[in-house]
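Have a look at final_32.txt; it's compact mmCIF, C-alpha atoms:
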```
# COMPACT_ATOMS: atom_id res chain seq x y z
CA MET G 1 -30.42 -2.47 6.10
CA ARG G 2 -30.17 -5.16 3.49
CA PHE G 3 -27.35 -7.61 3.26
CA LEU G 4 -25.53 -8.51 0.13
CA SER G 5 -26.71 -11.56 -1.64
CA VAL G 6 -23.96 -14.06 -2.30
CA ARG G 7 -23.75 -16.28 -5.32
CA SER G 8 -21.10 -18.08 -7.28
CA THR G 9 -20.20 -17.96 -10.94
CA PRO G 10 -17.91 -20.35 -12.75
CA ALA G 11 -15.21 -17.78 -13.24
CA VAL G 12 -15.51 -15.48 -10.32
CA ALA G 13 -15.94 -15.98 -6.64
CA ILE G 14 -18.44 -13.76 -5.04
CA LEU G 15 -17.28 -12.08 -1.89
CA ALA G 16 -18.37 -14.56 0.71
CA ALA G 17 -18.46 -12.21 3.61
CA ALA G 18 -21.80 -10.57 4.08
CA LEU G 19 -20.57 -7.11 3.35
CA VAL G 20 -23.15 -4.60 4.24
CA VAL G 21 -23.70 -1.83 1.82
CA ALA G 22 -26.58 0.30 2.87
CA SER G 23 -29.64 0.40 0.74
CA ALA G 24 -33.03 1.96 0.88
CA GLY G 25 -34.62 1.54 4.24
CA ALA G 26 -31.33 1.38 6.10
CA ALA G 27 -30.98 2.44 9.68
CA PRO G 28 -30.04 6.07 10.13
CA GLN G 29 -26.43 7.07 10.39
CA SER G 30 -24.97 7.20 13.85
CA LYS G 31 -25.13 10.64 15.32
CA LYS G 32 -22.55 9.91 17.96
CA LYS G 33 -19.60 9.28 15.65
CA GLY G 34 -20.31 11.31 12.58
CA GLY G 35 -17.04 13.22 12.37
CA ALA G 36 -13.73 12.52 10.74
CA GLU G 37 -11.94 9.41 11.89
CA THR G 38 -9.10 7.17 10.81
CA PHE G 39 -8.54 3.44 11.02
CA ASN G 40 -5.33 1.46 10.53
CA GLY G 41 -5.18 -2.25 9.86
CA LYS G 42 -3.94 -5.05 7.70
CA ALA G 43 -5.54 -6.72 4.70
CA ARG G 44 -4.75 -10.43 4.63
CA ILE G 45 -5.35 -13.25 2.21
CA GLY G 46 -4.29 -16.81 2.72
CA THR G 47 -4.55 -20.17 1.03
CA SER G 48 -3.17 -23.56 1.95
CA THR G 49 0.13 -22.69 0.30
CA ALA G 50 0.46 -18.92 0.36
CA VAL G 51 -0.25 -15.87 2.48
CA ALA G 52 -0.03 -12.18 1.77
CA ASP G 53 -0.78 -9.05 3.70
CA ALA G 54 -0.63 -5.30 3.34
CA SER G 55 -1.09 -2.42 5.73
CA PHE G 56 -3.82 0.11 5.05
CA THR G 57 -5.32 3.29 6.41
CA ILE G 58 -8.94 4.26 6.00
CA GLN G 59 -9.56 7.92 6.58
CA ILE G 60 -13.18 8.94 6.74
CA ASP G 61 -13.72 12.67 6.52
CA GLN G 62 -17.48 12.46 6.59
CA TYR G 63 -20.10 9.80 6.29
CA THR G 64 -22.12 10.04 3.12
CA PRO G 65 -25.36 11.97 3.53
CA GLU G 66 -28.54 9.95 3.24
CA LYS G 67 -29.66 11.73 0.10
CA ASP G 68 -26.45 10.81 -1.70
CA LEU G 69 -26.72 7.19 -0.58
CA LYS G 70 -30.25 7.03 -1.91
CA ALA G 71 -29.18 8.58 -5.19
CA MET G 72 -26.53 5.90 -5.64
CA GLU G 73 -28.91 3.14 -4.64
CA GLN G 74 -31.44 4.41 -7.12
CA ALA G 75 -28.77 4.57 -9.81
CA LEU G 76 -27.85 0.96 -9.08
CA GLN G 77 -31.40 -0.26 -9.36
CA THR G 78 -32.13 1.63 -12.55
CA GLY G 79 -28.76 1.69 -14.25
CA GLY G 80 -27.07 -1.43 -12.93
CA SER G 81 -23.34 -1.52 -12.24
CA ALA G 82 -22.53 1.18 -14.76
CA GLY G 83 -25.18 3.46 -13.34
CA PHE G 84 -23.93 2.90 -9.83
CA VAL G 85 -20.32 3.63 -10.74
CA ALA G 86 -21.34 6.77 -12.58
CA ALA G 87 -23.32 8.00 -9.58
CA LEU G 88 -20.53 7.01 -7.20
CA GLN G 89 -17.97 9.00 -9.11
CA LYS G 90 -20.19 12.07 -8.88
CA ALA G 91 -20.74 11.73 -5.15
CA PRO G 92 -18.81 13.93 -2.72
CA VAL G 93 -15.53 12.65 -1.37
CA ALA G 94 -16.10 10.86 1.92
CA GLY G 95 -12.51 9.90 2.66
CA HIS G 96 -9.50 7.98 1.43
CA PHE G 97 -8.17 4.44 1.44
CA LYS G 98 -4.38 4.38 1.57
CA THR G 99 -2.02 1.48 1.14
CA GLY G 100 1.66 1.73 0.43
CA ASP G 101 2.22 4.76 -1.73
CA LYS G 102 -1.26 4.67 -3.25
CA THR G 103 -4.37 6.57 -2.24
CA PHE G 104 -7.91 5.82 -3.37
CA THR G 105 -10.96 8.01 -2.97
CA ILE G 106 -13.89 6.84 -0.86
CA ARG G 107 -17.20 8.16 -2.10
CA TRP G 108 -19.50 5.96 -0.08
CA ALA G 109 -19.11 5.72 3.68
CA ARG G 110 -21.80 4.55 6.00
CA GLN G 111 -21.99 3.34 9.54
CA ARG G 112 -24.68 1.70 11.58
CA GLU G 113 -24.72 0.90 15.23
CA THR G 114 -24.74 -2.68 16.48
CA PRO G 115 -24.99 -4.10 19.98
CA LYS G 116 -21.19 -4.38 20.09
CA GLY G 117 -20.23 -1.20 18.31
CA ARG G 118 -20.52 -0.20 14.69
CA VAL G 119 -20.45 -1.64 11.21
CA ILE G 120 -18.80 0.69 8.73
CA SER G 121 -19.03 0.14 5.00
CA ILE G 122 -17.07 2.02 2.38
CA VAL G 123 -16.83 2.02 -1.40
CA THR G 124 -13.99 3.55 -3.38
CA ASP G 125 -14.47 5.03 -6.82
CA ALA G 126 -11.77 2.82 -8.33
CA PRO G 127 -10.42 -0.67 -7.75
CA VAL G 128 -7.53 -0.96 -5.32
CA TYR G 129 -5.87 -4.19 -6.42
CA PHE G 130 -6.72 -7.20 -8.55
CA VAL G 131 -5.89 -10.15 -6.35
CA GLY G 132 -4.89 -13.08 -8.52
CA ALA G 133 -4.16 -10.99 -11.60
CA GLY G 134 -0.53 -12.02 -11.36
CA LEU G 135 -1.31 -15.58 -12.35
CA PRO G 136 -0.91 -16.46 -16.03
CA GLY G 137 -4.31 -16.60 -17.66
CA ALA G 138 -5.98 -14.45 -15.03
CA GLN G 139 -9.50 -13.28 -15.75
CA ALA G 140 -10.19 -9.93 -17.37
CA ARG G 141 -10.45 -6.89 -15.13
CA THR G 142 -13.22 -5.21 -17.05
CA GLY G 143 -16.16 -4.13 -14.93
CA PHE G 144 -14.44 -4.47 -11.58
CA ASP G 145 -14.47 -0.73 -11.06
CA VAL G 146 -14.72 -0.23 -7.31
CA ALA G 147 -13.54 -1.62 -3.99
CA VAL G 148 -15.96 -2.44 -1.18
CA ALA G 149 -15.06 -2.92 2.47
CA GLN G 150 -16.88 -3.62 5.67
CA MET G 151 -15.44 -3.15 9.14
CA ASN G 152 -16.90 -4.30 12.43
CA ILE G 153 -15.62 -1.85 15.02
CA ASP G 154 -16.29 -2.36 18.71
CA THR G 155 -16.87 0.39 21.21
CA SER G 156 -13.16 0.61 21.99
CA GLY G 157 -12.27 1.19 18.34
CA ILE G 158 -10.88 -2.25 17.53
CA GLY G 159 -12.23 -4.54 14.89
CA ASP G 160 -11.99 -6.68 11.81
CA GLY G 161 -13.73 -7.00 8.50
CA SER G 162 -13.43 -7.93 4.87
CA ILE G 163 -12.76 -6.22 1.59
CA ALA G 164 -13.30 -6.82 -2.09
CA LEU G 165 -10.32 -4.95 -3.48
CA ALA G 166 -11.77 -5.00 -6.98
CA ALA G 167 -15.48 -5.52 -7.25
CA LYS G 168 -18.63 -5.15 -9.27
CA VAL G 169 -21.67 -3.83 -7.49
CA LYS G 170 -24.84 -5.22 -8.99
CA PRO G 171 -28.53 -5.10 -8.19
CA GLY G 172 -29.46 -8.11 -6.12
CA ALA G 173 -32.69 -9.89 -5.46
CA ASP G 174 -35.48 -8.00 -3.73
CA GLY G 175 -33.83 -4.66 -4.23
CA GLY G 176 -30.66 -5.73 -2.45
CA VAL G 177 -27.07 -5.29 -3.46
CA GLU G 178 -24.73 -7.96 -4.74
CA ILE G 179 -20.97 -7.68 -4.65
CA GLN G 180 -18.94 -9.70 -7.13
CA ASP G 181 -15.32 -9.91 -6.06
CA TYR G 182 -12.47 -10.25 -8.57
CA ALA G 183 -10.49 -12.26 -6.03
CA THR G 184 -11.14 -15.96 -5.73
CA GLU G 185 -10.22 -15.96 -2.06
CA PRO G 186 -11.71 -13.56 0.47
CA VAL G 187 -9.47 -10.80 1.74
CA LYS G 188 -9.81 -10.23 5.47
CA LEU G 189 -9.23 -7.01 7.32
CA VAL G 190 -7.52 -7.73 10.61
CA SER G 191 -6.07 -5.77 13.53
CA ILE G 192 -8.13 -2.71 12.72
CA MET G 193 -7.65 0.09 15.21
CA ARG G 194 -9.31 3.48 15.28
CA VAL G 195 -6.65 6.15 15.54
CA ILE G 196 -7.03 8.25 18.64
CA SER G 197 -6.57 11.86 17.67
CA MET Y 1 -1.45 -9.94 -2.06
CA SER Y 2 0.99 -7.19 -1.88
CA VAL Y 3 -0.32 -3.83 -2.98
CA ARG Y 4 2.73 -2.40 -4.56
CA ALA Y 5 3.81 -0.53 -7.56
CA LEU Y 6 6.19 -3.12 -8.88
CA THR Y 7 6.00 -1.83 -12.35
CA VAL Y 8 9.52 -0.77 -13.02
CA SER Y 9 11.37 -3.14 -15.23
CA LEU Y 10 14.96 -3.52 -14.21
CA LEU Y 11 17.65 -5.36 -15.93
CA LEU Y 12 19.00 -7.51 -13.20
CA THR Y 13 22.21 -9.27 -13.77
CA VAL Y 14 22.29 -12.64 -12.17
CA SER Y 15 24.76 -15.37 -11.98
CA VAL Y 16 22.60 -17.97 -13.57
CA ALA Y 17 24.99 -17.66 -16.47
CA LEU Y 18 23.51 -19.89 -19.06
CA ALA Y 19 26.33 -19.23 -21.41
CA ALA Y 20 29.08 -19.09 -18.85
CA GLN Y 21 27.80 -21.91 -16.72
CA ALA Y 22 30.36 -24.44 -15.70
CA PRO Y 23 29.58 -27.99 -16.68
CA SER Y 24 27.49 -30.04 -14.36
CA GLY Y 25 29.44 -31.97 -11.82
CA SER Y 26 30.52 -35.42 -12.80
CA LYS Y 27 28.59 -36.94 -9.90
CA SER Y 28 24.93 -36.50 -10.73
CA THR Y 29 22.63 -35.65 -7.84
CA ALA Y 30 19.44 -35.97 -9.86
CA PRO Y 31 16.72 -36.91 -9.50
CA GLU Y 32 16.27 -34.74 -6.46
CA SER Y 33 13.72 -32.35 -5.04
CA PHE Y 34 13.77 -29.26 -2.87
CA ARG Y 35 11.24 -27.44 -0.76
CA ALA Y 36 11.47 -23.66 -0.67
CA ASN Y 37 9.76 -20.80 1.11
CA GLY Y 38 9.52 -17.79 -1.17
CA GLN Y 39 8.95 -14.28 0.09
CA ILE Y 40 8.53 -10.93 -1.60
CA THR Y 41 7.95 -7.63 0.12
CA GLY Y 42 6.89 -4.20 -1.00
CA VAL Y 43 6.03 -0.80 0.40
CA ALA Y 44 2.76 -1.89 1.97
CA GLY Y 45 3.31 -5.54 2.77
CA GLY Y 46 4.46 -8.84 1.44
CA ALA Y 47 3.60 -12.32 0.34
CA ALA Y 48 4.97 -15.76 1.05
CA THR Y 49 4.44 -19.16 -0.46
CA GLU Y 50 5.73 -22.70 -0.35
CA MET Y 51 7.15 -24.35 -3.45
CA VAL Y 52 8.56 -27.71 -4.43
CA PHE Y 53 11.29 -27.96 -7.06
CA LYS Y 54 11.64 -31.39 -8.57
CA ILE Y 55 14.65 -31.98 -10.79
CA ASP Y 56 14.44 -35.24 -12.72
CA LYS Y 57 17.73 -34.69 -14.47
CA TYR Y 58 20.14 -31.88 -15.17
CA THR Y 59 20.51 -30.57 -18.68
CA ALA Y 60 23.39 -32.20 -20.50
CA ASP Y 61 26.29 -30.11 -21.73
CA ALA Y 62 25.37 -30.50 -25.39
CA GLU Y 63 21.80 -29.34 -24.86
CA HIS Y 64 22.98 -26.55 -22.64
CA ASP Y 65 25.46 -25.34 -25.23
CA ALA Y 66 22.78 -25.37 -27.90
CA LEU Y 67 20.42 -23.30 -25.78
CA ALA Y 68 23.15 -20.85 -24.85
CA LYS Y 69 24.04 -20.41 -28.51
CA THR Y 70 20.40 -19.89 -29.39
CA LEU Y 71 20.15 -17.16 -26.80
CA LYS Y 72 23.29 -15.48 -28.02
CA ASP Y 73 22.32 -15.66 -31.68
CA GLY Y 74 18.56 -15.23 -31.55
CA GLY Y 75 17.75 -13.47 -28.31
CA ASN Y 76 14.88 -14.08 -25.93
CA ALA Y 77 12.29 -15.15 -28.50
CA ALA Y 78 14.53 -17.76 -30.07
CA PHE Y 79 15.66 -18.94 -26.67
CA LEU Y 80 12.06 -19.34 -25.53
CA ALA Y 81 11.12 -21.30 -28.64
CA ALA Y 82 14.08 -23.61 -28.15
CA LEU Y 83 13.37 -23.94 -24.45
CA LYS Y 84 9.80 -25.05 -25.11
CA LYS Y 85 11.11 -27.74 -27.46
CA ALA Y 86 13.66 -28.98 -24.95
CA PRO Y 87 12.78 -32.08 -22.95
CA LYS Y 88 11.15 -31.58 -19.58
CA VAL Y 89 13.73 -32.01 -16.84
CA GLY Y 90 11.62 -31.23 -13.80
CA ALA Y 91 8.76 -29.17 -12.40
CA ILE Y 92 7.86 -26.49 -9.90
CA THR Y 93 4.77 -27.19 -7.85
CA ILE Y 94 2.94 -24.40 -6.02
CA GLY Y 95 -0.30 -25.53 -4.52
CA GLN Y 96 -2.27 -27.14 -7.31
CA ARG Y 97 -0.15 -25.64 -10.07
CA THR Y 98 2.73 -27.37 -11.78
CA ILE Y 99 5.11 -25.59 -14.16
CA ASP Y 100 7.60 -27.51 -16.26
CA ILE Y 101 11.34 -27.00 -15.97
CA ARG Y 102 13.20 -27.40 -19.26
CA TRP Y 103 16.69 -26.29 -18.34
CA ALA Y 104 18.49 -27.13 -15.12
CA ARG Y 105 22.13 -27.02 -14.18
CA THR Y 106 24.13 -27.56 -11.05
CA ARG Y 107 27.78 -27.02 -10.28
CA PRO Y 108 30.02 -27.24 -7.24
CA GLU Y 109 30.69 -24.02 -5.37
CA GLY Y 110 33.41 -23.94 -2.79
CA THR Y 111 34.24 -27.01 -0.80
CA ASP Y 112 30.80 -28.14 0.30
CA HIS Y 113 28.23 -26.12 -1.59
CA ARG Y 114 26.70 -26.27 -5.01
CA ARG Y 115 24.62 -23.92 -7.05
CA VAL Y 116 21.41 -25.03 -8.71
CA ALA Y 117 19.77 -22.98 -11.44
CA PHE Y 118 16.81 -23.73 -13.63
CA VAL Y 119 14.39 -22.14 -16.07
CA THR Y 120 10.71 -22.90 -16.60
CA ASP Y 121 8.93 -22.75 -19.92
CA GLN Y 122 6.29 -20.32 -18.68
CA PRO Y 123 6.03 -17.63 -16.01
CA VAL Y 124 5.11 -18.67 -12.49
CA PHE Y 125 3.39 -15.41 -11.60
CA PHE Y 126 3.63 -11.71 -12.27
CA ALA Y 127 4.48 -10.01 -9.01
CA GLY Y 128 2.66 -6.71 -8.74
CA ALA Y 129 0.47 -7.33 -11.79
CA GLY Y 130 -2.63 -6.84 -9.69
CA ALA Y 131 -1.87 -3.15 -9.29
CA VAL Y 132 -4.23 -0.84 -11.10
CA ASP Y 133 -1.37 0.72 -13.02
CA ALA Y 134 0.59 -2.49 -13.61
CA LYS Y 135 2.55 -2.71 -16.81
CA PRO Y 136 1.71 -5.31 -19.51
CA THR Y 137 2.88 -8.83 -18.83
CA ALA Y 138 3.54 -9.72 -22.47
CA GLY Y 139 7.03 -10.96 -23.20
CA TYR Y 140 7.82 -12.21 -19.72
CA ASP Y 141 7.41 -15.81 -20.67
CA LEU Y 142 9.60 -17.82 -18.32
CA ALA Y 143 10.84 -17.99 -14.75
CA VAL Y 144 14.40 -18.25 -13.50
CA VAL Y 145 15.37 -19.81 -10.18
CA GLU Y 146 18.78 -20.09 -8.61
CA PHE Y 147 19.90 -21.14 -5.19
CA THR Y 148 22.93 -22.40 -3.36
CA ILE Y 149 22.73 -25.47 -1.19
CA ASP Y 150 25.21 -26.99 1.19
CA SER Y 151 26.22 -30.58 1.67
CA VAL Y 152 23.63 -31.01 4.39
CA GLY Y 153 20.87 -29.96 2.01
CA LEU Y 154 20.10 -26.46 3.28
CA GLY Y 155 20.32 -23.31 1.25
CA SER Y 156 18.80 -20.09 -0.04
CA GLY Y 157 18.40 -18.23 -3.30
CA THR Y 158 16.19 -16.12 -5.50
CA MET Y 159 13.48 -16.47 -8.09
CA ALA Y 160 12.49 -14.25 -10.99
CA PRO Y 161 8.91 -15.54 -11.30
CA ALA Y 162 8.28 -13.82 -14.63
CA ALA Y 163 11.23 -12.89 -16.75
CA LYS Y 164 12.84 -12.60 -20.14
CA VAL Y 165 16.49 -13.27 -20.83
CA LYS Y 166 19.07 -11.92 -23.20
CA ALA Y 167 22.71 -12.47 -23.84
CA GLY Y 168 25.06 -9.95 -22.33
CA GLY Y 169 26.49 -8.68 -19.11
CA PRO Y 170 29.46 -9.98 -17.22
CA THR Y 171 28.01 -13.47 -16.87
CA GLY Y 172 26.74 -13.80 -20.40
CA VAL Y 173 23.07 -13.70 -19.44
CA GLU Y 174 20.89 -10.87 -18.25
CA VAL Y 175 17.52 -11.56 -16.70
CA ASP Y 176 14.87 -8.90 -17.10
CA ASP Y 177 12.45 -9.49 -14.24
CA TYR Y 178 8.85 -8.29 -14.65
CA SER Y 179 8.55 -6.84 -11.18
CA GLY Y 180 12.05 -5.52 -10.75
CA LYS Y 181 12.23 -7.33 -7.48
CA ARG Y 182 13.15 -10.93 -6.88
CA VAL Y 183 11.34 -13.45 -4.75
CA THR Y 184 13.70 -14.39 -1.95
CA LEU Y 185 13.95 -18.11 -1.34
CA MET Y 186 14.46 -17.86 2.38
CA THR Y 187 14.88 -21.51 3.09
CA VAL Y 188 15.61 -24.22 0.58
CA THR Y 189 15.68 -27.76 1.85
CA ARG Y 190 16.72 -30.78 -0.16
CA SER Y 191 14.26 -33.58 0.35
CA MET Y 192 15.76 -36.77 1.67
CA ALA Y 193 13.85 -39.13 -0.55
CA LYS Y 194 14.58 -38.89 -4.23
```

Could you take the file, read its structure, and then write that structure out as structure tokens?
Amino acid sequence: MRFLSVRSTPAVAILAAALVVASAGAAPQSKKKGGAETFNGKARIGTSTAVADASFTIQIDQYTPEKDLKAMEQALQTGGSAGFVAALQKAPVAGHFKTGDKTFTIRWARQRETPKGRVISIVTDAPVYFVGAGLPGAQARTGFDVAVAQMNIDTSGIGDGSIALAAKVKPGADGGVEIQDYATEPVKLVSIMRVIS
Amino acid sequence: MSVRALTVSLLLTVSVALAAQAPSGSKSTAPESFRANGQITGVAGGAATEMVFKIDKYTADAEHDALAKTLKDGGNAAFLAALKKAPKVGAITIGQRTIDIRWARTRPEGTDHRRVAFVTDQPVFFAGAGAVDAKPTAGYDLAVVEFTIDSVGLGSGTMAPAAKVKAGGPTGVEVDDYSGKRVTLMTVTRSMAK
């Protein structure tokens, strides 16, 4: 499992949280919790003068098979962001990200076990929201074609995480993955709870 | 961040009433400043922020009449051009950002209240513009704030953070808000020190 490299650009903040998007050589998917599951939580962003939050539901129908993950990783390394997005959009549906009256398709879903539970990473095939786009003179949206989230879920199904609601996925150093977030402030995922069915 | 589909433009009639505004009270309260907590909610969530409104002076009747006539005769574009040429009368501060106020009026309301209304020369923010299917922001070039405050210095009101105006409606002015939903100024507090 490789971690995202984090860097800054003058115009765009890179998602500071070490979101984990699986790459070649990742640990195998958990066999214990491979079925459909749903998580509810809140996405929250705050600055010294403002705070905003929104409820969300992440429904995972199936975790992405290893061969599809590798195909997307290969596309990223050879075709860059555009190649990755193209491969992502061809991948099977893994679930849905819902907020308000909007639903977004998850085409990358991966989990790995940790000593305290699981880390789940997802990627949607379209951006969810451009945080900061409401400010006059906001940066262009071009190229921020996906959303990337990571959740740390403990063994009881409770957790937290972070999300880049509009992001670029780029090849990173040493074959890693770099996430460039449209937002200038990190968006946290809080009060995540696995729905007991 | 509020993930909402605030993309429907509504013509909201407000009582800012540029054209129908009563003259400012004879006893000037400016310069004065107010702190406000703004909130806006949507289907999925909401956002809140702190703002400071600083009014250096209220727009004089003659300048007000000229702006109102410009709006009536020339519409939003002419009004905006005239507004940008008007002298700065105050500012909104949100975090590190400061936006100039170029029209401000106040008038008594009831026995111990007064209404304060002002317009900025640029939008403060476009609520809901971060949505993937958000409508274009072009043309929403100013912000409109109004609130009522009592003699103690406490009040509440609303803000159209990105808007265009046109003459018409029962009050003489219609405000077309970008998001179709106002920011609620939950608590407005007049600062003690001028």

Shell of 10 Å around Glu109 (chain Y), all atoms listed in the file, local chain residues under 4 positions omitted, as a PyMOL selection string: chain Y and resi 113-116+148-150

Distance-based interface of chain G with chain Y, 10 Å, counting all atoms listed in the file, as a VMD selection string: chain G and resid 42 to 56 98 to 102 126 to 138 141 166 187

Which residue of Y:Leu154, Y:Ala68, Y:Val183, Y:Ile101 approaches Lys166 (chain Y) most closely, using all atoms listed in the file: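 Under the stated criterion, the closest residue is Y:Ala68.
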
So which residues are close to (21.9, -35.6, -9.6), meaning at most 9 Å away in the file's coordinates with all atoms listed in the file counted, and can you show them as a PyMOL selection string? chain Y and resi 25+27-32+55-58+106

So which residues touch Ala167 (chain G) within 8 Å, counting only C-alpha atoms, skipping near sequence neighbours fewer than 3 positions away, as a tab-separated table (two decimals) with C-alpha atoms, keeping the file's coordinate frame?
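Saved the output as selection21.tsv:
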```
chain	number	residue	atom	x	y	z
G	127	PRO	CA	-10.42	-0.67	-7.75
G	143	GLY	CA	-16.16	-4.13	-14.93
G	144	PHE	CA	-14.44	-4.47	-11.58
G	145	ASP	CA	-14.47	-0.73	-11.06
G	146	VAL	CA	-14.72	-0.23	-7.31
G	147	ALA	CA	-13.54	-1.62	-3.99
G	148	VAL	CA	-15.96	-2.44	-1.18
G	164	ALA	CA	-13.30	-6.82	-2.09
G	179	ILE	CA	-20.97	-7.68	-4.65
G	180	GLN	CA	-18.94	-9.70	-7.13
G	181	ASP	CA	-15.32	-9.91	-6.06
G	182	TYR	CA	-12.47	-10.25	-8.57
```

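Closest to Ile120 (chain G) among G:Gln139, G:Gln59, G:Gln77, G:Ser197 is G:Gln59, based on all atoms listed in the file.
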
Once N, CA and C atoms are restored for region 124-135 of chain G, what would the output be as a tab-separated table (two decimals), in the frame of the given file?
```tsv
chain	number	residue	atom	x	y	z
G	124	THR	N	-14.87	2.62	-2.68
G	124	THR	CA	-13.99	3.55	-3.38
G	124	THR	C	-14.44	3.70	-4.83
G	125	ASP	N	-14.02	4.78	-5.44
G	125	ASP	CA	-14.47	5.03	-6.82
G	125	ASP	C	-13.55	4.41	-7.87
G	126	ALA	N	-12.66	3.54	-7.41
G	126	ALA	CA	-11.77	2.82	-8.33
G	126	ALA	C	-11.33	1.54	-7.63
G	127	PRO	N	-10.95	0.54	-8.39
G	127	PRO	CA	-10.42	-0.67	-7.75
G	127	PRO	C	-9.08	-0.39	-7.09
G	128	VAL	N	-8.79	-1.14	-6.05
G	128	VAL	CA	-7.53	-0.96	-5.32
G	128	VAL	C	-6.47	-1.94	-5.83
G	129	TYR	N	-6.85	-3.18	-6.00
G	129	TYR	CA	-5.87	-4.19	-6.42
G	129	TYR	C	-6.63	-5.41	-6.93
G	130	PHE	N	-6.09	-6.01	-7.96
G	130	PHE	CA	-6.72	-7.20	-8.55
G	130	PHE	C	-6.00	-8.44	-8.02
G	131	VAL	N	-6.52	-8.98	-6.96
G	131	VAL	CA	-5.89	-10.15	-6.35
G	131	VAL	C	-6.01	-11.35	-7.29
G	132	GLY	N	-4.90	-11.93	-7.61
G	132	GLY	CA	-4.89	-13.08	-8.52
G	132	GLY	C	-4.56	-12.71	-9.95
G	133	ALA	N	-4.46	-11.41	-10.23
G	133	ALA	CA	-4.16	-10.99	-11.60
G	133	ALA	C	-2.73	-11.31	-12.00
G	134	GLY	N	-1.90	-11.67	-11.04
G	134	GLY	CA	-0.53	-12.02	-11.36
G	134	GLY	C	-0.36	-13.43	-11.88
G	135	LEU	N	-1.42	-14.21	-11.84
G	135	LEU	CA	-1.31	-15.58	-12.35
G	135	LEU	C	-1.49	-15.58	-13.87
```
